[in-house]
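Colleague: The structure file coords.pdb (PDB, C-alpha atoms) is provided below.
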```pdb
ATOM      1  CA  MET A 285     100.143 112.264  91.143
ATOM      2  CA  TYR A 286      99.975 108.639  90.054
ATOM      3  CA  PHE A 287      99.584 107.553  86.444
ATOM      4  CA  ARG A 288      97.636 104.454  85.562
ATOM      5  CA  ARG A 289      96.830 103.223  82.032
ATOM      6  CA  TYR A 290      94.618 100.445  80.699
ATOM      7  CA  TRP A 291      92.113  99.639  77.969
ATOM      8  CA  ASP A 292      88.644 101.164  78.201
ATOM      9  CA  ILE A 293      87.158  98.060  79.829
ATOM     10  CA  ARG A 294      86.806  96.796  83.367
ATOM     11  CA  GLY A 295      89.238  93.935  82.845
ATOM     12  CA  ILE A 296      91.997  93.280  85.347
ATOM     13  CA  ALA A 297      92.432  96.941  86.310
ATOM     14  CA  ASN A 298      89.309  97.436  88.433
ATOM     15  CA  PRO A 299      90.819  96.191  91.738
ATOM     16  CA  ILE A 300      93.643  98.707  91.271
ATOM     17  CA  ARG A 301      91.173 101.525  90.661
ATOM     18  CA  MET A 302      89.174 100.493  93.740
ATOM     19  CA  LEU A 303      92.241 100.471  95.967
ATOM     20  CA  LEU A 304      93.428 103.870  94.722
ATOM     21  CA  HIS A 305      90.006 105.368  95.387
ATOM     22  CA  TYR A 306      89.911 103.749  98.820
ATOM     23  CA  VAL A 307      93.217 105.323  99.891
ATOM     24  CA  GLY A 308      92.192 108.668  98.402
ATOM     25  CA  ALA A 309      95.056 108.818  95.919
ATOM     26  CA  GLU A 310      95.024 111.411  93.176
ATOM     27  CA  PHE A 311      95.755 109.658  89.916
ATOM     28  CA  GLU A 312      95.353 110.027  86.189
ATOM     29  CA  ASP A 313      93.223 107.172  84.902
ATOM     30  CA  LYS A 314      93.962 107.024  81.177
ATOM     31  CA  ARG A 315      91.848 104.510  79.232
ATOM     32  CA  TYR A 316      92.744 103.632  75.677
ATOM     33  CA  THR A 317      89.768 103.506  73.331
ATOM     34  CA  ASP A 318      91.903 103.406  70.182
ATOM     35  CA  SER A 319      94.466 100.592  70.119
ATOM     36  CA  SER A 320      96.600 102.488  67.599
ATOM     37  CA  GLU A 321      97.183 105.230  70.166
ATOM     38  CA  TYR A 322      98.904 102.655  72.366
ATOM     39  CA  PHE A 323     100.610 100.411  69.818
ATOM     40  CA  GLU A 324     101.677 103.071  67.324
ATOM     41  CA  LYS A 325     102.333 106.011  69.624
ATOM     42  CA  ASP A 326     102.803 105.306  73.320
ATOM     43  CA  LEU A 327     104.366 101.842  73.251
ATOM     44  CA  LYS A 328     107.653 103.098  71.803
ATOM     45  CA  ASN A 329     108.047 105.652  74.584
ATOM     46  CA  LEU A 330     106.998 103.149  77.231
ATOM     47  CA  SER A 331     109.661 100.711  76.040
ATOM     48  CA  GLU A 332     112.248 103.202  77.239
ATOM     49  CA  ILE A 333     110.913 103.484  80.803
ATOM     50  CA  LEU A 334     109.222 100.150  81.545
ATOM     51  CA  ASP A 335     111.019  96.812  81.881
ATOM     52  CA  PHE A 336     108.087  94.923  80.359
ATOM     53  CA  PRO A 337     105.826  97.363  78.461
ATOM     54  CA  ASN A 338     102.229  96.241  78.754
ATOM     55  CA  LEU A 339      98.802  97.271  80.021
ATOM     56  CA  PRO A 340      97.973  98.070  82.694
ATOM     57  CA  TYR A 341     100.975 100.054  83.804
ATOM     58  CA  TYR A 342     101.444 102.270  86.833
ATOM     59  CA  ILE A 343     103.918 105.047  87.602
ATOM     60  CA  ASP A 344     104.428 106.935  90.845
ATOM     61  CA  ASP A 345     107.312 108.781  92.485
ATOM     62  CA  GLU A 346     109.002 105.509  93.447
ATOM     63  CA  VAL A 347     108.328 102.910  90.776
ATOM     64  CA  LYS A 348     107.304 102.214  87.194
ATOM     65  CA  ILE A 349     105.415  98.903  87.036
ATOM     66  CA  THR A 350     103.544  96.630  84.656
ATOM     67  CA  GLN A 351     101.605  93.443  85.513
ATOM     68  CA  SER A 352      98.382  94.002  87.430
ATOM     69  CA  LYS A 353      99.262  91.839  90.436
ATOM     70  CA  ALA A 354     102.683  93.471  90.823
ATOM     71  CA  ILE A 355     100.952  96.861  90.762
ATOM     72  CA  ILE A 356      98.361  96.029  93.392
ATOM     73  CA  ARG A 357     100.913  94.303  95.628
ATOM     74  CA  HIS A 358     103.073  97.428  95.488
ATOM     75  CA  LEU A 359     100.050  99.549  96.420
ATOM     76  CA  GLY A 360      99.231  97.153  99.243
ATOM     77  CA  ARG A 361     102.703  97.585 100.726
ATOM     78  CA  LYS A 362     102.684 101.327 100.134
ATOM     79  CA  HIS A 363      99.323 101.927 101.820
ATOM     80  CA  ASN A 364      99.454  99.367 104.648
ATOM     81  CA  LEU A 365      97.051  97.036 102.861
ATOM     82  CA  ASP A 366      99.326  94.003 102.921
ATOM     83  CA  GLY A 367      99.291  91.171 105.430
ATOM     84  CA  SER A 368     100.773  91.954 108.851
ATOM     85  CA  SER A 369     101.673  88.406 109.831
ATOM     86  CA  GLU A 370     102.725  85.186 108.182
ATOM     87  CA  GLN A 371      99.281  83.731 108.863
ATOM     88  CA  GLU A 372      97.598  86.625 107.060
ATOM     89  CA  LEU A 373     100.023  86.408 104.147
ATOM     90  CA  VAL A 374      99.421  82.684 103.782
ATOM     91  CA  ARG A 375      95.648  83.177 103.757
ATOM     92  CA  MET A 376      96.015  85.873 101.109
ATOM     93  CA  ASP A 377      98.163  83.611  98.920
ATOM     94  CA  VAL A 378      95.802  80.668  99.292
ATOM     95  CA  ILE A 379      92.592  82.555  98.479
ATOM     96  CA  TYR A 380      94.225  84.286  95.524
ATOM     97  CA  GLU A 381      95.246  80.958  93.991
ATOM     98  CA  GLN A 382      91.763  79.577  94.643
ATOM     99  CA  VAL A 383      90.019  82.513  92.966
ATOM    100  CA  LEU A 384      92.498  82.337  90.103
ATOM    101  CA  GLU A 385      90.816  79.071  89.131
ATOM    102  CA  ILE A 386      87.549  80.961  88.630
ATOM    103  CA  CYS A 387      89.342  83.673  86.668
ATOM    104  CA  SER A 388      90.958  81.108  84.388
ATOM    105  CA  ALA A 389      87.620  79.409  83.768
ATOM    106  CA  LEU A 390      85.965  82.741  82.951
ATOM    107  CA  LEU A 391      88.741  83.646  80.522
ATOM    108  CA  SER A 392      88.383  80.278  78.788
ATOM    109  CA  LEU A 393      84.680  80.959  78.487
ATOM    110  CA  ALA A 394      85.150  84.498  77.226
ATOM    111  CA  TYR A 395      87.906  83.868  74.707
ATOM    112  CA  LEU A 396      86.966  80.693  72.881
ATOM    113  CA  PRO A 397      89.348  78.837  70.583
ATOM    114  CA  ASP A 398      88.692  78.839  66.852
ATOM    115  CA  VAL A 399      86.182  76.008  66.633
ATOM    116  CA  GLU A 400      83.682  75.099  63.926
ATOM    117  CA  ASN A 401      80.484  75.533  65.957
ATOM    118  CA  ARG A 402      81.151  78.380  68.387
ATOM    119  CA  VAL A 403      77.564  78.623  69.665
ATOM    120  CA  GLU A 404      77.427  74.954  70.583
ATOM    121  CA  PHE A 405      80.925  75.054  72.070
ATOM    122  CA  LEU A 406      80.093  78.158  74.142
ATOM    123  CA  GLU A 407      76.985  76.490  75.538
ATOM    124  CA  LYS A 408      79.009  73.422  76.511
ATOM    125  CA  MET A 409      81.653  75.554  78.222
ATOM    126  CA  ARG A 410      79.010  77.661  79.979
ATOM    127  CA  LYS A 411      77.284  74.587  81.423
ATOM    128  CA  LYS A 412      80.640  73.213  82.542
ATOM    129  CA  PHE A 413      81.449  76.455  84.358
ATOM    130  CA  LEU A 414      78.051  76.744  86.029
ATOM    131  CA  TYR A 415      78.170  73.122  87.174
ATOM    132  CA  ALA A 416      81.387  73.747  89.131
ATOM    133  CA  PHE A 417      80.749  77.362  90.153
ATOM    134  CA  PRO A 418      78.513  76.794  93.236
ATOM    135  CA  SER A 419      81.035  74.451  94.839
ATOM    136  CA  LYS A 420      83.855  76.942  94.229
ATOM    137  CA  LEU A 421      81.802  79.702  95.839
ATOM    138  CA  GLY A 422      81.009  77.350  98.698
ATOM    139  CA  ALA A 423      84.711  76.754  99.309
ATOM    140  CA  ILE A 424      85.351  80.507  99.383
ATOM    141  CA  SER A 425      82.414  80.977 101.747
ATOM    142  CA  LYS A 426      83.797  78.320 104.094
ATOM    143  CA  PHE A 427      87.255  79.899 103.940
ATOM    144  CA  LEU A 428      85.894  83.339 104.873
ATOM    145  CA  GLY A 429      83.714  81.914 107.638
ATOM    146  CA  LYS A 430      82.810  84.599 110.175
ATOM    147  CA  ASP A 431      85.797  86.810 109.383
ATOM    148  CA  GLU A 432      85.318  90.247 107.894
ATOM    149  CA  TRP A 433      88.180  89.988 105.411
ATOM    150  CA  MET A 434      89.967  87.245 103.521
ATOM    151  CA  SER A 435      93.172  87.626 105.541
ATOM    152  CA  GLY A 436      91.183  87.433 108.772
ATOM    153  CA  LYS A 437      90.700  90.701 110.652
ATOM    154  CA  LYS A 438      92.542  93.094 108.323
ATOM    155  CA  LEU A 439      91.454  94.617 105.029
ATOM    156  CA  THR A 440      94.158  93.988 102.428
ATOM    157  CA  TYR A 441      94.686  94.439  98.720
ATOM    158  CA  ILE A 442      93.536  90.865  98.157
ATOM    159  CA  ASP A 443      89.990  91.835  99.144
ATOM    160  CA  PHE A 444      89.727  94.169  96.169
ATOM    161  CA  ILE A 445      90.762  91.317  93.875
ATOM    162  CA  ILE A 446      88.294  88.854  95.418
ATOM    163  CA  TYR A 447      85.492  91.409  95.327
ATOM    164  CA  ASP A 448      86.063  92.050  91.656
ATOM    165  CA  VAL A 449      85.841  88.362  90.767
ATOM    166  CA  LEU A 450      82.678  87.869  92.825
ATOM    167  CA  ASP A 451      81.027  90.986  91.434
ATOM    168  CA  ALA A 452      82.003  90.206  87.842
ATOM    169  CA  SER A 453      80.604  86.686  88.225
ATOM    170  CA  ARG A 454      77.217  87.940  89.410
ATOM    171  CA  ARG A 455      77.095  90.331  86.448
ATOM    172  CA  LEU A 456      78.076  87.676  83.903
ATOM    173  CA  PHE A 457      75.625  85.110  85.303
ATOM    174  CA  LEU A 458      72.520  85.349  87.438
ATOM    175  CA  PRO A 459      73.385  86.629  90.945
ATOM    176  CA  LYS A 460      71.556  83.742  92.625
ATOM    177  CA  HIS A 461      74.821  81.789  92.810
ATOM    178  CA  LEU A 462      76.472  84.402  95.013
ATOM    179  CA  TYR A 463      73.299  85.072  97.008
ATOM    180  CA  ALA A 464      73.227  81.440  98.122
ATOM    181  CA  PHE A 465      76.066  82.330 100.530
ATOM    182  CA  PRO A 466      75.049  85.047 103.015
ATOM    183  CA  ASN A 467      78.564  85.653 104.327
ATOM    184  CA  LEU A 468      79.822  86.332 100.788
ATOM    185  CA  VAL A 469      76.941  88.727 100.180
ATOM    186  CA  ALA A 470      77.822  90.519 103.434
ATOM    187  CA  TYR A 471      81.491  90.559 102.404
ATOM    188  CA  VAL A 472      80.708  92.111  99.022
ATOM    189  CA  THR A 473      78.448  94.704 100.665
ATOM    190  CA  ARG A 474      81.126  95.502 103.245
ATOM    191  CA  ILE A 475      83.604  96.365 100.503
ATOM    192  CA  GLU A 476      81.039  98.379  98.563
ATOM    193  CA  GLU A 477      80.440 100.523 101.666
ATOM    194  CA  LEU A 478      84.105 101.409 102.191
ATOM    195  CA  LYS A 479      84.811 105.122 102.047
ATOM    196  CA  GLY A 480      86.160 106.032  98.635
ATOM    197  CA  VAL A 481      85.032 102.740  97.131
ATOM    198  CA  LYS A 482      81.372 103.613  97.631
ATOM    199  CA  GLU A 483      81.811 106.910  95.824
ATOM    200  CA  TYR A 484      83.801 105.293  93.020
ATOM    201  CA  LEU A 485      81.204 102.578  92.408
ATOM    202  CA  ALA A 486      78.477 105.229  92.207
ATOM    203  CA  SER A 487      80.436 107.368  89.741
ATOM    204  CA  ASP A 488      80.845 107.298  85.977
ATOM    205  CA  ALA A 489      84.450 106.200  86.490
ATOM    206  CA  PHE A 490      83.266 102.712  87.441
ATOM    207  CA  GLN A 491      82.580 100.362  84.541
ATOM    208  CA  PRO A 492      80.320  97.427  85.464
ATOM    209  CA  MET A 493      80.621  96.344  81.836
ATOM    210  CA  PRO A 494      82.315  95.507  79.582
ATOM    211  CA  ILE A 495      84.472  93.163  81.605
ATOM    212  CA  PHE A 496      86.235  91.650  78.612
ATOM    213  CA  GLY A 497      87.417  92.978  75.259
ATOM    214  CA  PRO A 498      85.232  93.380  72.180
ATOM    215  CA  TYR A 499      86.012  89.916  70.788
ATOM    216  CA  ALA A 500      84.929  88.030  73.908
ATOM    217  CA  SER A 501      81.918  85.721  73.780
ATOM    218  CA  ILE A 502      80.523  87.049  77.089
ATOM    219  CA  GLY A 503      80.692  90.346  78.958
ATOM    220  CA  SER A 504      82.011  92.339  76.010
ATOM    221  CA  THR A 505      79.380  95.083  75.777
ATOM    222  CA  LYS A 506      78.071  97.762  78.132
ATOM    223  CA  ASP A 507      74.521  96.436  77.841
ATOM    224  CA  TYR A 508      75.425  92.775  78.451
ATOM    225  CA  THR A 509      72.593  90.871  80.192
ATOM    226  CA  PRO A 510      73.514  88.100  82.655
ATOM    227  CA  THR A 511      72.202  84.622  81.864
ATOM    228  CA  ASP A 512      72.382  81.083  83.188
TER     229      ASP A 512
END
```
Could I get this structure in the form of structure tokens?

Modeller:
Amino acid sequence: MYFRRYWDIRGIANPIRMLLHYVGAEFEDKRYTDSSEYFEKDLKNLSEILDFPNLPYYIDDEVKITQSKAIIRHLGRKHNLDGSSEQELVRMDVIYEQVLEICSALLSLAYLPDVENRVEFLEKMRKKFLYAFPSKLGAISKFLGKDEWMSGKKLTYIDFIIYDVLDASRRLFLPKHLYAFPNLVAYVTRIEELKGVKEYLASDAFQPMPIFGPYASIGSTKDYTPTD
């Protein structure tokens, strides 16, 4: 039995959930809906068993881990979903850093600084993101080329991360941006059809929304409607 904890949002935990469902792992997926349960109750106990108490965290029979990327890398090694050659590992590192730029831009858009005119500032930031977004998708499309997976021929943990960013983007904004690149559409579909993943995405356990926390300017509600 694996134990995995996170807030009751999609957030940065969805790639971990997808991977665990893909490998058929049995795990307890605790989602905090009341912050006091974590901060006032569980955090004290976690401080005694985790080096850096935080969410998400993951515990199995070998390790106790925080930090989402450390968790998914561990799972990749554990379940043969890591790169098998230096070339594959390099491709995984490169595409992760590239997609991280999109993640950082989305976070800046979601969690705005304390400015006087938030509506006007949000609109400016949104236009800035959408201006650069097609070229970033184009670069990812070129990188993938005719390969099935981002490492080349092998499915790895990095594919669950990339999928989540692409899927979240098409839910936050109109999906036309992604659909302009047929190989990315095929890539997303390929992951959605994986055994275990397909069942997870069709279940109540999957949260399309909210992606961000309740104070975010975008993607913070279950009924969020994508816009451009």

Colleague: Name the residues in contact with range 334-344 of chain A at a cut-off of 12 Å, using all atoms listed in the file, excluding same-chain residues fewer than 6 positions from it; report them as a ChimeraX atom specification.

Modeller: /A:285-301,304,309-316,319,322-323,326-328,350-359,362

Colleague: I need the chosen residues saved as a PDB file, in the frame of the given file, with C-alpha atoms.

Modeller:
```
ATOM      1  CA  MET A 285     100.143 112.264  91.143  1.00  0.00           C
ATOM      2  CA  TYR A 286      99.975 108.639  90.054  1.00  0.00           C
ATOM      3  CA  PHE A 287      99.584 107.553  86.444  1.00  0.00           C
ATOM      4  CA  ARG A 288      97.636 104.454  85.562  1.00  0.00           C
ATOM      5  CA  ARG A 289      96.830 103.223  82.032  1.00  0.00           C
ATOM      6  CA  TYR A 290      94.618 100.445  80.699  1.00  0.00           C
ATOM      7  CA  TRP A 291      92.113  99.639  77.969  1.00  0.00           C
ATOM      8  CA  ASP A 292      88.644 101.164  78.201  1.00  0.00           C
ATOM      9  CA  ILE A 293      87.158  98.060  79.829  1.00  0.00           C
ATOM     10  CA  ARG A 294      86.806  96.796  83.367  1.00  0.00           C
ATOM     11  CA  GLY A 295      89.238  93.935  82.845  1.00  0.00           C
ATOM     12  CA  ILE A 296      91.997  93.280  85.347  1.00  0.00           C
ATOM     13  CA  ALA A 297      92.432  96.941  86.310  1.00  0.00           C
ATOM     14  CA  ASN A 298      89.309  97.436  88.433  1.00  0.00           C
ATOM     15  CA  PRO A 299      90.819  96.191  91.738  1.00  0.00           C
ATOM     16  CA  ILE A 300      93.643  98.707  91.271  1.00  0.00           C
ATOM     17  CA  ARG A 301      91.173 101.525  90.661  1.00  0.00           C
ATOM     18  CA  LEU A 304      93.428 103.870  94.722  1.00  0.00           C
ATOM     19  CA  ALA A 309      95.056 108.818  95.919  1.00  0.00           C
ATOM     20  CA  GLU A 310      95.024 111.411  93.176  1.00  0.00           C
ATOM     21  CA  PHE A 311      95.755 109.658  89.916  1.00  0.00           C
ATOM     22  CA  GLU A 312      95.353 110.027  86.189  1.00  0.00           C
ATOM     23  CA  ASP A 313      93.223 107.172  84.902  1.00  0.00           C
ATOM     24  CA  LYS A 314      93.962 107.024  81.177  1.00  0.00           C
ATOM     25  CA  ARG A 315      91.848 104.510  79.232  1.00  0.00           C
ATOM     26  CA  TYR A 316      92.744 103.632  75.677  1.00  0.00           C
ATOM     27  CA  SER A 319      94.466 100.592  70.119  1.00  0.00           C
ATOM     28  CA  TYR A 322      98.904 102.655  72.366  1.00  0.00           C
ATOM     29  CA  PHE A 323     100.610 100.411  69.818  1.00  0.00           C
ATOM     30  CA  ASP A 326     102.803 105.306  73.320  1.00  0.00           C
ATOM     31  CA  LEU A 327     104.366 101.842  73.251  1.00  0.00           C
ATOM     32  CA  LYS A 328     107.653 103.098  71.803  1.00  0.00           C
ATOM     33  CA  THR A 350     103.544  96.630  84.656  1.00  0.00           C
ATOM     34  CA  GLN A 351     101.605  93.443  85.513  1.00  0.00           C
ATOM     35  CA  SER A 352      98.382  94.002  87.430  1.00  0.00           C
ATOM     36  CA  LYS A 353      99.262  91.839  90.436  1.00  0.00           C
ATOM     37  CA  ALA A 354     102.683  93.471  90.823  1.00  0.00           C
ATOM     38  CA  ILE A 355     100.952  96.861  90.762  1.00  0.00           C
ATOM     39  CA  ILE A 356      98.361  96.029  93.392  1.00  0.00           C
ATOM     40  CA  ARG A 357     100.913  94.303  95.628  1.00  0.00           C
ATOM     41  CA  HIS A 358     103.073  97.428  95.488  1.00  0.00           C
ATOM     42  CA  LEU A 359     100.050  99.549  96.420  1.00  0.00           C
ATOM     43  CA  LYS A 362     102.684 101.327 100.134  1.00  0.00           C
TER      44      LYS A 362
END
```

Colleague: I'd like the residues picked by the PyMOL selection byres ((chain A and resi 393) around 10) written out as a list in words, using the chain letters and numbers from the file.

Modeller: Cys387, Ser388, Ala389, Leu390, Leu391, Ser392, Ala394, Tyr395, Leu396, Pro397, Phe405, Leu406, Glu407, Lys408, Met409, Arg410, Lys412, Phe413, Ala500, Ser501 and Ile502 of chain A

Colleague: Scan for residues within 12 Å of the point (87.5, 80.1, 102.2) in the coordinates of the file, using only C-alpha atoms, and reply as an MDAnalysis selection string.

Modeller: chainID A and resid 375:383 419:436 446 465 467:468

Colleague: Using the chain letters and numbers from this file, what does the PyMOL selection byres ((chain A and resi 450) around 12) select? Give the answer as a PyMOL selection string.

Modeller: chain A and resi 299+383-384+386-387+390+417-418+420-421+424-425+443-449+451-463+465+468-473+475

Colleague: Would you mind exporting C-alpha atoms of the selected residues as a PDB file, in the frame of the given file?

Modeller:
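Written file, again.pdb:
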```pdb
ATOM      1  CA  PRO A 299      90.819  96.191  91.738  1.00  0.00           C
ATOM      2  CA  VAL A 383      90.019  82.513  92.966  1.00  0.00           C
ATOM      3  CA  LEU A 384      92.498  82.337  90.103  1.00  0.00           C
ATOM      4  CA  ILE A 386      87.549  80.961  88.630  1.00  0.00           C
ATOM      5  CA  CYS A 387      89.342  83.673  86.668  1.00  0.00           C
ATOM      6  CA  LEU A 390      85.965  82.741  82.951  1.00  0.00           C
ATOM      7  CA  PHE A 417      80.749  77.362  90.153  1.00  0.00           C
ATOM      8  CA  PRO A 418      78.513  76.794  93.236  1.00  0.00           C
ATOM      9  CA  LYS A 420      83.855  76.942  94.229  1.00  0.00           C
ATOM     10  CA  LEU A 421      81.802  79.702  95.839  1.00  0.00           C
ATOM     11  CA  ILE A 424      85.351  80.507  99.383  1.00  0.00           C
ATOM     12  CA  SER A 425      82.414  80.977 101.747  1.00  0.00           C
ATOM     13  CA  ASP A 443      89.990  91.835  99.144  1.00  0.00           C
ATOM     14  CA  PHE A 444      89.727  94.169  96.169  1.00  0.00           C
ATOM     15  CA  ILE A 445      90.762  91.317  93.875  1.00  0.00           C
ATOM     16  CA  ILE A 446      88.294  88.854  95.418  1.00  0.00           C
ATOM     17  CA  TYR A 447      85.492  91.409  95.327  1.00  0.00           C
ATOM     18  CA  ASP A 448      86.063  92.050  91.656  1.00  0.00           C
ATOM     19  CA  VAL A 449      85.841  88.362  90.767  1.00  0.00           C
ATOM     20  CA  ASP A 451      81.027  90.986  91.434  1.00  0.00           C
ATOM     21  CA  ALA A 452      82.003  90.206  87.842  1.00  0.00           C
ATOM     22  CA  SER A 453      80.604  86.686  88.225  1.00  0.00           C
ATOM     23  CA  ARG A 454      77.217  87.940  89.410  1.00  0.00           C
ATOM     24  CA  ARG A 455      77.095  90.331  86.448  1.00  0.00           C
ATOM     25  CA  LEU A 456      78.076  87.676  83.903  1.00  0.00           C
ATOM     26  CA  PHE A 457      75.625  85.110  85.303  1.00  0.00           C
ATOM     27  CA  LEU A 458      72.520  85.349  87.438  1.00  0.00           C
ATOM     28  CA  PRO A 459      73.385  86.629  90.945  1.00  0.00           C
ATOM     29  CA  LYS A 460      71.556  83.742  92.625  1.00  0.00           C
ATOM     30  CA  HIS A 461      74.821  81.789  92.810  1.00  0.00           C
ATOM     31  CA  LEU A 462      76.472  84.402  95.013  1.00  0.00           C
ATOM     32  CA  TYR A 463      73.299  85.072  97.008  1.00  0.00           C
ATOM     33  CA  PHE A 465      76.066  82.330 100.530  1.00  0.00           C
ATOM     34  CA  LEU A 468      79.822  86.332 100.788  1.00  0.00           C
ATOM     35  CA  VAL A 469      76.941  88.727 100.180  1.00  0.00           C
ATOM     36  CA  ALA A 470      77.822  90.519 103.434  1.00  0.00           C
ATOM     37  CA  TYR A 471      81.491  90.559 102.404  1.00  0.00           C
ATOM     38  CA  VAL A 472      80.708  92.111  99.022  1.00  0.00           C
ATOM     39  CA  THR A 473      78.448  94.704 100.665  1.00  0.00           C
ATOM     40  CA  ILE A 475      83.604  96.365 100.503  1.00  0.00           C
TER      41      ILE A 475
END
```

Colleague: For a cut-off of 12 Å around (85.0, 107.2, 95.1), file coordinates, pick out all residues using all atoms listed in the file and list them as a list in words.

Modeller: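 Those within range, by chain then number, are Arg301, Met302, Leu303, Leu304, His305, Tyr306, Val307, Gly308, Ala309, Glu310, Glu476, Glu477, Leu478, Lys479, Gly480, Val481, Lys482, Glu483, Tyr484, Leu485, Ala486, Ser487, Asp488, Ala489 and Phe490 of chain A.
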
Colleague: Have a look at CA of Phe496 in chain A and CA of Ser320 in chain A and let me know their distance in Å, one decimal.

Modeller: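 CA of Ser320 in chain A lies at a distance of 18.6 Å from CA of Phe496 in chain A.
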
Colleague: Please indicate the distance in Å from CA of Asp507 in chain A to CA of Tyr441 in chain A, rounded to one decimal place.

Modeller: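 So the answer is 29.1 Å.
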
Colleague: What is the CA of Asn364 in chain A to CA of Pro492 in chain A distance in Å?

Modeller: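 So the answer is 27.2 Å.
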
Colleague: Report, as JSON, the centre and edge lengths in Å (one decimal) of the axis-aligned box enclosing every listed atom of range 436-444 of chain A, padded by 5 Å on each side.

Modeller:
```
{"center_x": 92.2, "center_y": 91.0, "center_z": 103.4, "size_x": 15.0, "size_y": 17.2, "size_z": 24.5}
```

Colleague: Any chance you could model N, CA, C and O atoms for range 419-430 of chain A and send them as a PDB file, keeping the file's coordinate frame?

Modeller:
```
ATOM      1  N   SER A 419      80.115  75.084  93.890  1.00  0.00           N
ATOM      2  CA  SER A 419      81.035  74.451  94.839  1.00  0.00           C
ATOM      3  C   SER A 419      82.268  75.318  95.082  1.00  0.00           C
ATOM      4  O   SER A 419      82.815  75.349  96.191  1.00  0.00           O
ATOM      5  N   LYS A 420      82.710  76.040  94.054  1.00  0.00           N
ATOM      6  CA  LYS A 420      83.855  76.942  94.229  1.00  0.00           C
ATOM      7  C   LYS A 420      83.483  78.118  95.136  1.00  0.00           C
ATOM      8  O   LYS A 420      84.271  78.530  95.990  1.00  0.00           O
ATOM      9  N   LEU A 421      82.272  78.647  94.947  1.00  0.00           N
ATOM     10  CA  LEU A 421      81.802  79.702  95.839  1.00  0.00           C
ATOM     11  C   LEU A 421      81.647  79.170  97.263  1.00  0.00           C
ATOM     12  O   LEU A 421      81.959  79.870  98.231  1.00  0.00           O
ATOM     13  N   GLY A 422      81.166  77.950  97.386  1.00  0.00           N
ATOM     14  CA  GLY A 422      81.009  77.350  98.698  1.00  0.00           C
ATOM     15  C   GLY A 422      82.334  77.223  99.434  1.00  0.00           C
ATOM     16  O   GLY A 422      82.410  77.449 100.648  1.00  0.00           O
ATOM     17  N   ALA A 423      83.383  76.874  98.702  1.00  0.00           N
ATOM     18  CA  ALA A 423      84.711  76.754  99.309  1.00  0.00           C
ATOM     19  C   ALA A 423      85.213  78.114  99.785  1.00  0.00           C
ATOM     20  O   ALA A 423      85.819  78.227 100.858  1.00  0.00           O
ATOM     21  N   ILE A 424      84.947  79.156  98.990  1.00  0.00           N
ATOM     22  CA  ILE A 424      85.351  80.507  99.383  1.00  0.00           C
ATOM     23  C   ILE A 424      84.555  80.955 100.607  1.00  0.00           C
ATOM     24  O   ILE A 424      85.095  81.570 101.534  1.00  0.00           O
ATOM     25  N   SER A 425      83.268  80.640 100.610  1.00  0.00           N
ATOM     26  CA  SER A 425      82.414  80.977 101.747  1.00  0.00           C
ATOM     27  C   SER A 425      82.917  80.306 103.026  1.00  0.00           C
ATOM     28  O   SER A 425      82.987  80.935 104.096  1.00  0.00           O
ATOM     29  N   LYS A 426      83.284  79.055 102.938  1.00  0.00           N
ATOM     30  CA  LYS A 426      83.797  78.320 104.094  1.00  0.00           C
ATOM     31  C   LYS A 426      85.120  78.921 104.565  1.00  0.00           C
ATOM     32  O   LYS A 426      85.381  79.036 105.774  1.00  0.00           O
ATOM     33  N   PHE A 427      85.959  79.309 103.616  1.00  0.00           N
ATOM     34  CA  PHE A 427      87.255  79.899 103.940  1.00  0.00           C
ATOM     35  C   PHE A 427      87.077  81.224 104.687  1.00  0.00           C
ATOM     36  O   PHE A 427      87.755  81.490 105.673  1.00  0.00           O
ATOM     37  N   LEU A 428      86.147  82.053 104.214  1.00  0.00           N
ATOM     38  CA  LEU A 428      85.894  83.339 104.873  1.00  0.00           C
ATOM     39  C   LEU A 428      85.288  83.135 106.252  1.00  0.00           C
ATOM     40  O   LEU A 428      85.668  83.811 107.211  1.00  0.00           O
ATOM     41  N   GLY A 429      84.345  82.192 106.350  1.00  0.00           N
ATOM     42  CA  GLY A 429      83.714  81.914 107.638  1.00  0.00           C
ATOM     43  C   GLY A 429      83.059  83.142 108.229  1.00  0.00           C
ATOM     44  O   GLY A 429      82.320  83.861 107.556  1.00  0.00           O
ATOM     45  N   LYS A 430      83.383  83.446 109.486  1.00  0.00           N
ATOM     46  CA  LYS A 430      82.810  84.599 110.175  1.00  0.00           C
ATOM     47  C   LYS A 430      83.744  85.805 110.168  1.00  0.00           C
ATOM     48  O   LYS A 430      83.443  86.830 110.793  1.00  0.00           O
TER      49      LYS A 430
END
```
